>>> print(open('work.cif').read())   # mmCIF, C-alpha atoms
data_run
loop_
_atom_site.label_atom_id
_atom_site.label_comp_id
_atom_site.auth_asym_id
_atom_site.auth_seq_id
_atom_site.Cartn_x
_atom_site.Cartn_y
_atom_site.Cartn_z
CA MET A 1 67.62 -158.74 36.34
CA THR A 2 64.26 -157.54 37.51
CA LEU A 3 62.23 -154.92 35.70
CA ALA A 4 59.06 -153.17 36.71
CA SER A 5 56.21 -154.39 34.57
CA LYS A 6 54.13 -152.10 32.39
CA ILE A 7 50.70 -151.68 33.93
CA SER A 8 48.03 -151.48 31.28
CA SER A 9 45.70 -148.53 30.99
CA ALA A 10 42.81 -150.99 31.29
CA GLU A 11 44.06 -152.13 34.68
CA ILE A 12 44.45 -148.59 35.98
CA ASN A 13 41.03 -147.76 34.63
CA LYS A 14 39.64 -150.76 36.50
CA GLN A 15 41.34 -149.72 39.71
CA LEU A 16 39.80 -146.26 39.50
CA THR A 17 36.39 -147.70 38.72
CA ASP A 18 36.53 -150.21 41.55
CA GLN A 19 37.96 -147.86 44.14
CA TYR A 20 36.33 -144.52 43.38
CA VAL A 21 33.38 -144.51 41.01
CA ASP A 22 30.11 -144.28 42.94
CA LYS A 23 32.14 -144.37 46.15
CA TYR A 24 31.81 -141.80 48.92
CA PHE A 25 34.56 -140.01 50.78
CA GLU A 26 34.38 -137.71 53.77
CA VAL A 27 36.68 -134.78 54.41
CA ALA A 28 37.24 -134.16 58.11
CA LEU A 29 39.23 -131.63 60.11
CA VAL A 30 41.40 -132.74 63.01
CA ASN A 31 42.85 -130.37 65.54
CA SER A 32 45.91 -131.96 67.08
CA PRO A 33 48.78 -129.50 66.67
CA GLY A 34 52.15 -131.18 66.77
CA ALA A 35 50.80 -134.61 65.98
CA GLU A 36 52.34 -136.48 63.08
CA TYR A 37 50.33 -139.11 61.26
CA THR A 38 52.45 -142.12 60.35
CA PRO A 39 50.69 -144.87 58.39
CA ALA A 40 50.62 -148.25 60.14
CA VAL A 41 52.10 -146.65 63.25
CA THR A 42 49.59 -144.03 64.30
CA ASN A 43 46.41 -145.48 65.73
CA ASP A 44 43.70 -144.23 63.39
CA THR A 45 40.95 -144.27 65.99
CA THR A 46 43.05 -142.35 68.47
CA PHE A 47 44.03 -139.85 65.79
CA MET A 48 40.42 -139.24 64.75
CA ALA A 49 39.45 -138.68 68.37
CA SER A 50 40.95 -135.22 67.89
CA GLU A 51 38.49 -134.37 65.13
CA VAL A 52 36.89 -130.96 65.54
CA ALA A 53 33.65 -131.47 67.44
CA LEU A 54 30.52 -131.45 65.31
CA GLY A 55 28.93 -128.03 65.35
CA THR A 56 32.03 -126.15 66.46
CA ALA A 57 31.68 -122.84 64.65
CA GLY A 58 29.47 -124.65 62.17
CA TYR A 59 31.81 -127.58 61.55
CA ALA A 60 30.61 -130.80 59.94
CA ARG A 61 32.41 -133.22 57.67
CA LYS A 62 32.00 -132.74 53.95
CA VAL A 63 31.08 -135.61 51.63
CA ILE A 64 32.30 -136.04 48.07
CA THR A 65 31.71 -138.76 45.51
CA TYR A 66 33.08 -139.70 42.13
CA VAL A 67 31.24 -140.73 38.98
CA SER A 68 32.53 -142.46 35.88
CA GLY A 69 32.87 -139.16 34.06
CA ASP A 70 35.40 -138.01 36.66
CA LYS A 71 38.02 -140.35 35.21
CA ALA A 72 40.42 -138.55 32.89
CA ALA A 73 41.99 -140.27 29.89
CA TYR A 74 45.21 -142.24 30.37
CA ALA A 75 48.15 -139.86 30.25
CA ASP A 76 51.64 -139.64 31.68
CA LYS A 77 51.60 -143.31 32.73
CA GLY A 78 48.47 -142.98 34.78
CA MET A 79 44.89 -141.84 35.12
CA ALA A 80 43.67 -138.93 37.20
CA LEU A 81 40.34 -138.20 38.77
CA ALA A 82 38.62 -134.86 38.41
CA ARG A 83 39.52 -132.33 41.06
CA LYS A 84 37.07 -132.17 43.92
CA ALA A 85 36.59 -129.33 46.34
CA VAL A 86 34.99 -128.83 49.72
CA ILE A 87 34.43 -125.66 51.69
CA PHE A 88 34.51 -125.30 55.45
CA GLU A 89 32.83 -122.08 56.50
CA HIS A 90 33.03 -120.36 59.85
CA ASN A 91 29.53 -119.58 61.11
CA LEU A 92 30.29 -116.07 62.43
CA SER A 93 30.07 -117.23 66.04
CA ALA A 94 32.59 -116.17 68.67
CA THR A 95 34.20 -119.61 68.53
CA THR A 96 37.24 -120.19 66.33
CA LEU A 97 37.24 -123.16 63.99
CA ALA A 98 40.82 -124.41 64.33
CA PHE A 99 42.36 -127.40 62.59
CA SER A 100 45.82 -128.86 62.17
CA HIS A 101 45.15 -131.77 59.80
CA ILE A 102 42.86 -132.50 56.88
CA VAL A 103 41.73 -136.10 56.75
CA ILE A 104 40.02 -137.91 53.89
CA LEU A 105 38.13 -141.02 54.91
CA ARG A 106 36.20 -143.69 53.09
CA GLY A 107 32.54 -142.85 53.48
CA ASN A 108 30.51 -144.41 56.25
CA GLY A 109 26.79 -144.03 56.73
CA ASN A 110 26.29 -141.99 53.57
CA ILE A 111 22.71 -142.40 52.40
CA LEU A 112 22.35 -144.35 49.17
CA SER A 113 18.56 -144.72 49.08
CA PHE A 114 15.34 -144.24 51.00
CA SER A 115 12.35 -146.44 51.63
CA THR A 116 8.75 -145.34 51.14
CA PRO A 117 7.83 -142.43 53.44
CA THR A 118 5.99 -143.43 56.59
CA THR A 119 4.37 -140.04 57.09
CA THR A 120 3.32 -137.76 54.27
CA PRO A 121 1.89 -134.25 54.30
CA THR A 122 -1.60 -133.35 53.16
CA GLY A 123 -2.49 -131.03 50.33
CA ALA A 124 0.73 -131.78 48.45
CA VAL A 125 1.34 -130.22 45.06
CA ASN A 126 2.63 -132.48 42.30
CA GLY A 127 6.18 -131.69 41.27
CA THR A 128 9.85 -132.20 42.04
CA TYR A 129 11.45 -130.32 44.89
CA ASN A 130 15.22 -130.48 45.13
CA ASN A 131 17.81 -130.16 47.87
CA LEU A 132 15.44 -130.06 50.81
CA PRO A 133 17.06 -130.09 54.27
CA THR A 134 16.31 -132.90 56.69
CA SER A 135 16.51 -133.48 60.39
CA THR A 136 16.78 -136.64 62.44
CA LEU A 137 16.93 -137.78 66.01
CA ASP A 138 19.00 -140.81 65.02
CA GLY A 139 22.42 -139.22 64.76
CA GLY A 140 23.20 -138.72 61.08
CA VAL A 141 24.45 -135.40 59.77
CA GLY A 142 23.67 -133.16 56.83
CA ALA A 143 21.55 -135.17 54.40
CA ARG A 144 19.50 -133.24 51.87
CA VAL A 145 16.92 -134.83 49.62
CA ASN A 146 15.05 -134.49 46.39
CA LEU A 147 11.30 -135.07 46.67
CA THR A 148 8.96 -135.99 43.82
CA ILE A 149 5.23 -135.83 44.44
CA SER A 150 2.80 -137.48 42.05
CA GLY A 151 -0.67 -137.80 43.47
CA SER A 152 -0.39 -139.87 46.59
CA THR A 153 3.06 -141.13 45.68
CA PHE A 154 6.02 -139.49 47.41
CA THR A 155 9.48 -140.49 46.19
CA VAL A 156 12.56 -139.38 48.10
CA THR A 157 16.12 -139.65 46.76
CA PRO A 158 19.41 -138.36 48.22
CA ALA A 159 20.62 -134.96 47.03
CA TYR A 160 23.50 -134.83 49.52
CA ALA A 161 24.31 -138.14 51.16
CA GLY A 162 25.36 -136.78 54.56
CA TYR A 163 27.21 -139.12 56.91
CA ALA A 164 26.87 -141.25 60.03
CA TYR A 165 23.40 -142.52 59.13
CA SER A 166 22.18 -146.07 59.60
CA THR A 167 19.58 -148.17 57.85
CA ALA A 168 16.07 -147.48 59.19
CA ASP A 169 17.02 -144.07 60.56
CA LEU A 170 14.04 -141.75 60.21
CA LEU A 171 14.55 -138.43 58.45
CA THR A 172 12.04 -135.62 58.64
CA ILE A 173 11.46 -132.86 56.13
CA GLN A 174 9.96 -130.09 58.20
CA GLU A 175 6.72 -128.44 57.20
CA ALA A 176 8.36 -125.03 56.92
CA ASP A 177 10.81 -126.36 54.33
CA LEU A 178 8.03 -128.06 52.36
CA VAL A 179 6.04 -124.84 52.41
CA ALA A 180 9.05 -122.78 51.34
CA ALA A 181 9.61 -125.15 48.43
CA GLY A 182 6.00 -124.82 47.36
CA ALA A 183 5.22 -128.50 47.94
CA ILE A 184 2.45 -127.90 50.47
CA SER A 185 0.56 -125.12 52.21
CA THR A 186 0.90 -124.23 55.86
CA GLY A 187 -0.69 -126.87 58.03
CA GLY A 188 0.11 -129.70 55.63
CA GLY A 189 2.47 -131.38 58.02
CA VAL A 190 5.84 -133.05 57.75
CA LEU A 191 7.22 -135.87 55.68
CA VAL A 192 9.06 -138.71 57.42
CA VAL A 193 11.09 -141.18 55.43
CA PRO A 194 13.25 -144.13 56.55
CA VAL A 195 16.78 -144.65 55.30
CA ASN A 196 16.98 -147.79 53.18
CA GLN A 197 20.68 -148.21 52.40
CA VAL A 198 23.91 -146.58 53.53
CA THR A 199 27.60 -146.97 52.77
CA THR A 200 29.96 -148.83 55.06
CA GLY A 201 33.61 -148.00 55.54
CA GLY A 202 35.13 -145.19 57.52
CA SER A 203 38.83 -145.97 57.21
CA ILE A 204 41.34 -143.18 56.72
CA TYR A 205 42.34 -142.61 53.09
CA SER A 206 44.86 -139.82 53.57
CA VAL A 207 46.07 -137.23 56.06
CA SER A 208 47.46 -133.82 55.13
CA LYS A 209 49.04 -131.39 57.54
CA PRO A 210 49.00 -127.65 56.88
CA ASN A 211 52.11 -125.69 57.69
CA SER A 212 50.54 -124.47 60.89
CA THR A 213 47.19 -124.57 62.63
CA VAL A 214 44.49 -122.95 60.53
CA ASN A 215 42.12 -120.69 62.43
CA LEU A 216 38.83 -119.77 60.83
CA THR A 217 37.03 -116.76 62.28
CA ASP A 218 34.68 -113.99 61.19
CA GLY A 219 32.91 -116.09 58.59
CA ASN A 220 36.09 -116.94 56.71
CA GLN A 221 36.12 -120.00 54.51
CA ALA A 222 38.71 -122.70 53.93
CA VAL A 223 38.52 -124.30 50.51
CA ILE A 224 40.21 -127.67 50.15
CA TYR A 225 41.03 -129.11 46.72
CA ILE A 226 41.61 -132.84 46.25
CA ASP A 227 43.49 -134.32 43.28
CA ILE A 228 43.96 -138.08 43.00
CA LYS A 229 45.87 -139.99 40.33
CA HIS A 230 46.87 -143.63 39.91
CA TYR A 231 50.15 -144.26 38.12
CA GLY A 232 51.56 -147.39 36.50
CA PHE A 233 55.30 -146.79 36.46
CA TYR A 234 57.65 -148.51 34.08
CA ASN A 235 61.11 -147.98 32.66
CA MET B 1 81.78 -180.73 74.91
CA ILE B 2 78.51 -181.60 76.59
CA GLU B 3 77.15 -184.87 75.43
CA PRO B 4 73.46 -185.01 74.58
CA GLU B 5 71.18 -186.69 76.99
CA VAL B 6 67.52 -187.53 77.08
CA ILE B 7 65.66 -186.99 80.26
CA ASN B 8 63.22 -189.58 81.45
CA SER B 9 63.84 -191.79 78.43
CA THR B 10 63.11 -195.43 78.87
CA PHE B 11 63.97 -196.65 75.40
CA LEU B 12 66.95 -194.66 74.07
CA ASN B 13 70.41 -196.02 74.66
CA LEU B 14 73.07 -193.30 74.67
CA GLY B 15 75.34 -195.78 72.94
CA ASP B 16 73.14 -195.58 69.86
CA VAL B 17 73.74 -191.87 69.33
CA ALA B 18 76.05 -191.17 66.39
CA PHE B 19 77.83 -187.94 65.55
CA VAL B 20 78.59 -187.00 61.96
CA GLN B 21 80.81 -184.11 60.98
CA GLU B 22 80.82 -182.78 57.42
CA SER B 23 81.99 -179.71 55.64
CA LEU B 24 79.26 -177.96 53.69
CA ASP B 25 79.99 -175.51 50.90
CA MET B 26 76.88 -173.34 50.47
CA LEU B 27 76.26 -170.84 47.66
CA LEU B 28 73.52 -168.41 48.53
CA LEU B 29 71.75 -167.46 45.34
CA SER B 30 68.50 -166.05 46.63
CA VAL B 31 66.54 -165.77 49.80
CA SER B 32 62.82 -166.16 50.29
CA LEU B 33 61.71 -164.45 53.45
CA GLY B 34 58.04 -165.20 53.16
CA GLY B 35 57.22 -161.80 51.84
CA ILE B 36 57.28 -158.25 53.10
CA ASN B 37 55.09 -158.01 56.15
CA GLY B 38 53.52 -161.28 55.17
CA THR B 39 52.31 -159.98 51.83
CA GLY B 40 54.02 -162.68 49.81
CA ILE B 41 56.00 -160.02 47.96
CA VAL B 42 59.71 -160.83 47.74
CA GLU B 43 62.02 -157.98 46.88
CA PRO B 44 64.56 -158.48 44.10
CA TRP B 45 68.08 -159.25 45.28
CA PRO B 46 70.14 -156.04 45.35
CA LYS B 47 72.60 -155.76 42.48
CA GLU B 48 75.29 -154.21 44.64
CA GLU B 49 75.92 -153.83 48.29
CA GLY B 50 73.84 -151.04 49.75
CA GLN B 51 71.50 -150.97 46.79
CA ASN B 52 67.88 -151.73 47.40
CA ILE B 53 65.33 -151.80 44.65
CA LYS B 54 62.26 -150.01 45.94
CA GLN B 55 60.47 -149.13 42.72
CA ASN B 56 56.78 -149.91 42.73
CA ASP B 57 54.77 -150.79 39.67
CA THR B 58 51.75 -148.75 40.65
CA THR B 59 51.36 -145.76 42.88
CA VAL B 60 48.40 -143.86 44.25
CA THR B 61 48.89 -140.15 44.67
CA CYS B 62 46.62 -137.76 46.51
CA TYR B 63 47.42 -134.08 46.51
CA VAL B 64 45.57 -131.76 48.83
CA SER B 65 45.79 -127.99 48.60
CA GLY B 66 43.85 -125.23 50.24
CA MET B 67 43.47 -121.59 51.08
CA VAL B 68 41.52 -119.39 53.45
CA VAL B 69 39.37 -116.61 52.07
CA GLY B 70 36.84 -114.09 53.29
CA ILE B 71 33.06 -114.25 53.05
CA GLY B 72 31.75 -114.26 49.50
CA SER B 73 35.08 -115.14 47.91
CA LEU B 74 34.13 -118.59 46.67
CA TYR B 75 31.74 -120.20 44.27
CA GLN B 76 30.14 -123.37 45.59
CA PRO B 77 31.02 -126.83 44.27
CA THR B 78 28.21 -129.26 43.56
CA ALA B 79 26.87 -131.58 46.25
CA SER B 80 29.35 -134.25 45.11
CA GLY B 81 32.30 -131.84 45.39
CA THR B 82 32.57 -131.33 41.64
CA ILE B 83 33.76 -127.94 40.44
CA PRO B 84 31.53 -126.65 37.63
CA ILE B 85 33.53 -126.51 34.42
CA GLN B 86 33.06 -122.76 33.97
CA TYR B 87 35.14 -122.14 37.11
CA ASN B 88 38.29 -123.70 35.59
CA ASN B 89 39.03 -125.85 38.63
CA ILE B 90 39.25 -122.87 40.97
CA LEU B 91 36.35 -121.64 43.07
CA LEU B 92 37.59 -118.10 43.60
CA THR B 93 35.23 -115.36 42.57
CA ASN B 94 36.42 -112.36 40.59
CA SER B 95 37.11 -110.21 43.64
CA PRO B 96 38.11 -112.54 46.45
CA THR B 97 39.51 -111.61 49.81
CA ILE B 98 42.52 -113.84 50.34
CA VAL B 99 43.36 -114.47 53.99
CA ASP B 100 45.89 -117.27 53.48
CA PRO B 101 46.72 -118.15 49.86
CA ASP B 102 48.27 -121.51 50.71
CA ILE B 103 47.73 -123.22 54.04
CA PHE B 104 50.48 -125.71 53.21
CA SER B 105 53.30 -123.22 52.81
#
>>> encode(input="work.cif", output="structure tokens")
Amino acid sequence: MTLASKISSAEINKQLTDQYVDKYFEVALVNSPGAEYTPAVTNDTTFMASEVALGTAGYARKVITYVSGDKAAYADKGMALARKAVIFEHNLSATTLAFSHIVILRGNGNILSFSTPTTTPTGAVNGTYNNLPTSTLDGGVGARVNLTISGSTFTVTPAYAGYAYSTADLLTIQEADLVAAGAISTGGGVLVVPVNQVTTGGSIYSVSKPNSTVNLTDGNQAVIYIDIKHYGFYN
Amino acid sequence: MIEPEVINSTFLNLGDVAFVQESLDMLLLSVSLGGINGTGIVEPWPKEEGQNIKQNDTTVTCYVSGMVVGIGSLYQPTASGTIPIQYNNILLTNSPTIVDPDIFS
């Protein structure tokens, strides 16, 4: 006679910690109506080739991450993670944002840290300036940063990790954004900072298929909720 | 019956080949197939014909839900995707415009 073993709460807690805490995930939209995703059968790369093109009606992947506090207490033979949510918003253009599948992927190229800035603005005002937008010519998408200025020391940390970045990519905080934040005056210049460390991964975690193709128009928003739980079944 | 032969042999005499016939009673108690898909996992032997034990000890579940709403119908989650506690796990504002309440139904 064979019985399923009882999985300890400590083990499930460890699995959640190892697999999720401080880990990044990306939520992507794929538009391939009629396609069925079958694990170990469907070619993941081919499937993701149907991802909505970056910039289509404002589309970009969304990045989420878990922290230790997102782990719920052991209950009902398992442990759940806090619900996460992402919002895809149509940008009011004439183009429809259509998608047939929602894909969660392990993060890849999410910024973990920055090096010392290589270019700094003049006339900077000491303080902390949060959630500043960035731009880059190196291909990454969406990163936002927190900037702390103390004398001649400029410290940049990720506020939103973005995706598809690589180590040594150069990110620029534009002068207009620094001025708007109150960090400098007009004419102070830009801040350029290299990426120091990024995540590696990119494999598909899960695929969900709405009942029919979702079409976002007229500034409508699609909110996606994500609930993950690990169970340890036993009789 | 075709007798065995060795091609291009220079040292084997066909007269040295012996044939032995025995009856073998074999009781099959268990089978090791080298694991499922090479994982090393061997499934328990079914108790009855047609019964396969497929229960797993641990399972990962991921539930995804979603809706489509109009402009201004949602609060924003944090940069990490966390829903602020005051929103009770739902980002809908007090007077949302619901376009599609459940994209999975």
>>> residues_around(input="work.cif", residues="Tyr163 in chain A", least_positions_apart="3", cutoff="7 Å", atoms="all atoms listed in the file", output="PDB file with C-alpha atoms, keeping the file's coordinate frame")
ATOM      1  CA  ASN A 108      30.510-144.410  56.250  1.00  0.00           C
ATOM      2  CA  GLY A 109      26.790-144.030  56.730  1.00  0.00           C
ATOM      3  CA  ASN A 110      26.290-141.990  53.570  1.00  0.00           C
ATOM      4  CA  GLY A 140      23.200-138.720  61.080  1.00  0.00           C
ATOM      5  CA  VAL A 141      24.450-135.400  59.770  1.00  0.00           C
ATOM      6  CA  GLY A 142      23.670-133.160  56.830  1.00  0.00           C
TER       7      GLY A 142
END
>>> resolve_selection(input="work.cif", expression="the PyMOL selection byres ((chain B) within 7 of (chain A))", output="list in words")
Pro44, Asp57, Thr58, Thr59, Val60, Thr61, Cys62, Tyr63, Val64, Ser65, Gly66, Met67, Val68, Val69, Gly70, Ile71, Pro77, Ala79, Ser80, Gly81, Thr82, Ile83, Asn89, Ile103, Phe104 and Ser105 of chain B
>>> residues_around(input="work.cif", residues="range 112-122 of chain A", least_positions_apart="3", cutoff="7 Å", atoms="all atoms listed in the file", output="number ranges by chain")
A: 154-158, 161, 188-199
>>> resolve_selection(input="work.cif", expression="the PyMOL selection byres ((chain A and resi 57) around 8)", output="VMD selection string")
chain A and resid 55 to 56 58 to 59 90 to 97
>>> write_last_selection(input="work.cif", atoms="C-alpha atoms", output="CSV table (one decimal), in the frame of the given file")
chain,number,residue,atom,x,y,z
A,55,GLY,CA,28.9,-128.0,65.4
A,56,THR,CA,32.0,-126.2,66.5
A,58,GLY,CA,29.5,-124.6,62.2
A,59,TYR,CA,31.8,-127.6,61.6
A,90,HIS,CA,33.0,-120.4,59.8
A,91,ASN,CA,29.5,-119.6,61.1
A,92,LEU,CA,30.3,-116.1,62.4
A,93,SER,CA,30.1,-117.2,66.0
A,94,ALA,CA,32.6,-116.2,68.7
A,95,THR,CA,34.2,-119.6,68.5
A,96,THR,CA,37.2,-120.2,66.3
A,97,LEU,CA,37.2,-123.2,64.0
>>> closest_residue(input="work.cif", among="A:Met48, A:Val27, A:Ala72, A:Leu54", to="Asn13 in chain A", atoms="all atoms listed in the file")
A:Ala72
>>> atom_distance(input="work.cif", atom1="CA of Gly182 in chain A", atom2="CA of Arg61 in chain A")
29.6 Å
>>> atom_distance(input="work.cif", atom1="CA of Gly201 in chain A", atom2="CA of Arg106 in chain A")
5.6 Å
>>> residues_around(input="work.cif", residues="range 44-47 of chain A", least_positions_apart="4", cutoff="10 Å", atoms="only C-alpha atoms", output="PDB file with C-alpha atoms, keeping the file's coordinate frame")
ATOM      1  CA  VAL A  30      41.400-132.740  63.010  1.00  0.00           C
ATOM      2  CA  ASN A  31      42.850-130.370  65.540  1.00  0.00           C
ATOM      3  CA  SER A  32      45.910-131.960  67.080  1.00  0.00           C
ATOM      4  CA  ALA A  35      50.800-134.610  65.980  1.00  0.00           C
ATOM      5  CA  GLU A  36      52.340-136.480  63.080  1.00  0.00           C
ATOM      6  CA  TYR A  37      50.330-139.110  61.260  1.00  0.00           C
ATOM      7  CA  THR A  38      52.450-142.120  60.350  1.00  0.00           C
ATOM      8  CA  PRO A  39      50.690-144.870  58.390  1.00  0.00           C
ATOM      9  CA  ALA A  40      50.620-148.250  60.140  1.00  0.00           C
ATOM     10  CA  GLU A  51      38.490-134.370  65.130  1.00  0.00           C
ATOM     11  CA  SER A 203      38.830-145.970  57.210  1.00  0.00           C
ATOM     12  CA  ILE A 204      41.340-143.180  56.720  1.00  0.00           C
TER      13      ILE A 204
END
>>> atom_distance(input="work.cif", atom1="CA of Gln76 in chain B", atom2="CA of Leu92 in chain B")
9.3 Å
>>> residues_around(input="work.cif", residues="Gly187 in chain A", least_positions_apart="6", cutoff="12 Å", atoms="only C-alpha atoms", output="PyMOL selection string")
chain A and resi 121-124+174-176+178-179
>>> residues_near_point(input="work.cif", point="(11.4, -137.5, 61.7)", cutoff="6 Å", atoms="all atoms listed in the file", output="PyMOL selection string")
chain A and resi 136+170-172+192
>>> resolve_selection(input="work.cif", expression="the PyMOL selection byres ((chain B and resi 91) around 6)", output="VMD selection string")
chain B and resid 74 to 75 90 92
>>> axis_aligned_box(input="work.cif", around="range 118-131 of chain A", padding_each_side="5 Å", output="AutoDock Vina command-line options")
--center_x 7.7 --center_y -136.8 --center_z 49.2 --size_x 30.3 --size_y 23.3 --size_z 25.8
